[in-house]
Structures are given as structure tokens and as C-alpha cells.
Amino acid sequence: MPHRKPLFEVLVQEFAGSYTTIAVIAIGAITLYFIYKKNQRTPRPPPGGAAPPGLSSQSSTGAEMRRPTPQAAVSKKSEPDSVLTRIKNQTFVGSKICIEWEALFESEGWKEKGKEVLELYANTSDVYLMCHISQDEQKTKILNLVRGIQGLRRYKVLFSTTEKGYEAFTRQINPALLITRDLRLAELLSRVLPYIALVRSAPLSKDNVACFNSVAELLS
């Protein structure tokens, strides 16, 4: 039986005359070798598919995903202080306050503790005194009555010849507190002002309006 030559020896003899063919085979073998090594170094993805970058491959389904998160603490909003409480606590010290002249004074003279109320708030807060007049003589009389009250500035004594003037003054000044004896004005401005002191016995069902029988009750 004739001796069979090895495959490599046969290939060398067949392609001995073509160095180009041998070079191509060698390059192909080297390329296949590097591809094989590279595939061995690439990690296999875990069962169930590869996890997204930056995330654990642990499953997020089931009980872990349904675990309730702690509920954020809900702060209970406290009830707003009443007008009377804020007056007693002197909350309006340094704040703008509009005072209607008729709440302090009547034709016969100062109402009970009316002047004391004006003196107190003018000395501790930024007071605007609103006065309704029909004659110039009334303006002079009011200025003489309030002259010498500490803290009350002349340019903050405001005069109007119409009832609408009080509403316009108050809206423009936007005070922290309005002291008035006008029920209609209190009801109208309760929608825009934070606090109103209504000096009259008629009740007004508004959270930010407090009714006082007399102006003397405004003294803390």
C-alpha cells in the first residue's frame, strides 16, 4: 500500500509555486486565531438578558417592585390667627394700617378711646388716616384735631369727597389691616385685604373680618 503524505505537505507541494497563495492562507489563519481569542474574553450575558449599564442585573419585578415607599410626612396647615388675636399679639406693629376717620370720631367729638386708638397705632405702625369731607372747613378741623399725634404724618392724612375714595385709597395702599365702620366697604375689601376690623355690631361672616362693638376694643 503506497505511503499517504500528510495534508500540510500536500498543500505545500500543490501551492509551492505560488507564494501569494501561501501568504493569503497565513493571514487568514492569523485572523481566525485573533477572532477566536476575542470571543473567549467577551463575558456572557446573565440569564434573562443583559442588564442595562449602571443597573443591577437583579430582577426588579415581583414583591420588590410592589414594596410601598414610605409616605412623605404631611405638614398640617395651622388655622389662621383671628384679627383680635393678632391685635392683642401686636402682630401689626410696623405694618401699614388704614383707619377710617368715622370709626374714631363722630359729630359730637371723639368716640370712646378713639383718640387713644389712633395714638397707639400711629406710634407703632404705618398709619394712613382716611377722612370723608364735604367742605374745606372739615379738613381744617380734622387736621387741628390730629395735630401733635406722634407718628402720624401729615401727608398720610388723606381726604376724599366721595365714599368711593375710601375704597380707592385702601386698594392703592394695600394695608395689612383696615379699621372701618362701613359694612359694605368691609365686605367688598375682604376679598383683597388680609385682615379687617369692622367697628359695628352687625356681624360679617368672613374669616378675615372681626367685628367690634366699639373702637375701644382695639386697644390691646
# chains A, B, ... in the order shown; residues from 1 in each chain; ligands from 1
>>> residues_around(residues="A:Phe212", least_positions_apart="5", cutoff="7 Å", atoms="only C-alpha atoms", output="VMD selection string")
chain A and resid 198 to 201 217
>>> write_last_selection(atoms="N, CA and C atoms", output="short mmCIF file (atom, residue, chain, number, x, y, z; two decimals), in the first residue's frame")
data_model
loop_
_atom_site.label_atom_id
_atom_site.label_comp_id
_atom_site.auth_asym_id
_atom_site.auth_seq_id
_atom_site.Cartn_x
_atom_site.Cartn_y
_atom_site.Cartn_z
N LEU A 198 -63.98 95.54 61.77
CA LEU A 198 -65.23 96.23 61.49
C LEU A 198 -65.82 96.72 62.81
N VAL A 199 -65.89 98.05 62.96
CA VAL A 199 -66.36 98.64 64.21
C VAL A 199 -67.86 98.89 64.10
N ARG A 200 -68.62 97.85 64.30
CA ARG A 200 -70.08 97.92 64.35
C ARG A 200 -70.60 96.57 64.81
N SER A 201 -71.78 96.56 65.37
CA SER A 201 -72.32 95.34 65.97
C SER A 201 -72.80 94.34 64.93
N GLU A 217 -62.30 98.48 71.87
CA GLU A 217 -61.89 97.07 71.93
C GLU A 217 -60.62 96.80 71.13
#
>>> closest_residue(among="A:Met130, A:Leu152, A:Ile179, A:Ile97", to="A:Ile196", atoms="only C-alpha atoms")
A:Ile179
>>> residues_around(residues="A:Pro175", least_positions_apart="5", cutoff="7 Å", atoms="only C-alpha atoms", output="ChimeraX atom specification")
/A:96-98,170
>>> residues_around(residues="A:Lys88", least_positions_apart="4", cutoff="10 Å", atoms="only C-alpha atoms", output="list in words")
Val83, Leu84, Phe92, Leu218, Leu219 and Ser220 of chain A
>>> write_last_selection(atoms="all heavy atoms", output="compact mmCIF listing (two decimals), in the first residue's frame")
# COMPACT_ATOMS: atom_id res chain seq x y z
N VAL A 83 -58.30 88.17 63.76
CA VAL A 83 -57.88 89.57 63.78
C VAL A 83 -57.63 90.01 65.21
O VAL A 83 -56.64 90.69 65.52
CB VAL A 83 -58.95 90.45 63.12
CG1 VAL A 83 -58.53 91.92 63.15
CG2 VAL A 83 -59.20 90.01 61.69
N LEU A 84 -58.53 89.62 66.12
CA LEU A 84 -58.39 90.02 67.52
C LEU A 84 -57.12 89.46 68.13
O LEU A 84 -56.39 90.18 68.86
CB LEU A 84 -59.61 89.55 68.32
CG LEU A 84 -59.63 89.93 69.80
CD1 LEU A 84 -59.56 91.45 69.96
CD2 LEU A 84 -60.88 89.38 70.48
N PHE A 92 -49.38 93.63 64.12
CA PHE A 92 -49.41 94.68 63.10
C PHE A 92 -48.42 95.82 63.38
O PHE A 92 -48.44 96.82 62.68
CB PHE A 92 -50.82 95.25 62.98
CG PHE A 92 -51.85 94.23 62.56
CD1 PHE A 92 -52.79 93.76 63.47
CD2 PHE A 92 -51.85 93.73 61.27
CE1 PHE A 92 -53.72 92.81 63.08
CE2 PHE A 92 -52.79 92.79 60.88
CZ PHE A 92 -53.73 92.32 61.78
N LEU A 218 -60.21 97.76 70.33
CA LEU A 218 -59.00 97.59 69.53
C LEU A 218 -57.73 97.86 70.33
O LEU A 218 -56.63 97.63 69.82
CB LEU A 218 -59.03 98.52 68.31
CG LEU A 218 -60.10 98.20 67.25
CD1 LEU A 218 -60.15 99.30 66.21
CD2 LEU A 218 -59.82 96.87 66.60
N LEU A 219 -57.89 98.34 71.54
CA LEU A 219 -56.74 98.58 72.38
C LEU A 219 -56.29 97.27 72.98
O LEU A 219 -57.04 96.58 73.68
CB LEU A 219 -57.06 99.58 73.50
CG LEU A 219 -57.34 101.01 73.03
CD1 LEU A 219 -57.80 101.86 74.20
CD2 LEU A 219 -56.10 101.62 72.39
N SER A 220 -55.05 96.84 72.69
CA SER A 220 -54.55 95.55 73.17
C SER A 220 -54.09 95.66 74.62
O SER A 220 -53.82 96.76 75.10
CB SER A 220 -53.38 95.08 72.30
OG SER A 220 -52.38 96.05 72.24
>>> atom_distance(atom1="atom CA of A:Thr140", atom2="atom CA of A:Gln172")
24.5 Å
>>> closest_residue(among="A:Pro203, A:Glu108, A:Lys115, A:Trp101", to="A:Lys139", atoms="only C-alpha atoms")
A:Trp101
>>> select_by_dssp(residues="stretch 135-219 of chain A", states="alpha helix (DSSP H)", output="count of residues only")
28
>>> residues_around(residues="A:Ala103", least_positions_apart="5", cutoff="7 Å", atoms="only C-alpha atoms", output="VMD selection string")
chain A and resid 180 to 181 199 215
>>> write_last_selection(atoms="C-alpha atoms", output="compact mmCIF listing (two decimals), in the first residue's frame")
# COMPACT_ATOMS: atom_id res chain seq x y z
CA THR A 180 -63.61 100.74 59.30
CA ARG A 181 -67.20 101.10 60.43
CA VAL A 199 -66.36 98.64 64.21
CA VAL A 215 -63.32 101.10 68.75
>>> closest_residue(among="A:Tyr128, A:Gly109, A:Ala168, A:Thr31", to="A:Tyr155", atoms="only C-alpha atoms")
A:Tyr128
>>> closest_residue(among="A:Glu167, A:Glu119, A:Asp126, A:Glu102", to="A:Arg147", atoms="only C-alpha atoms")
A:Glu119
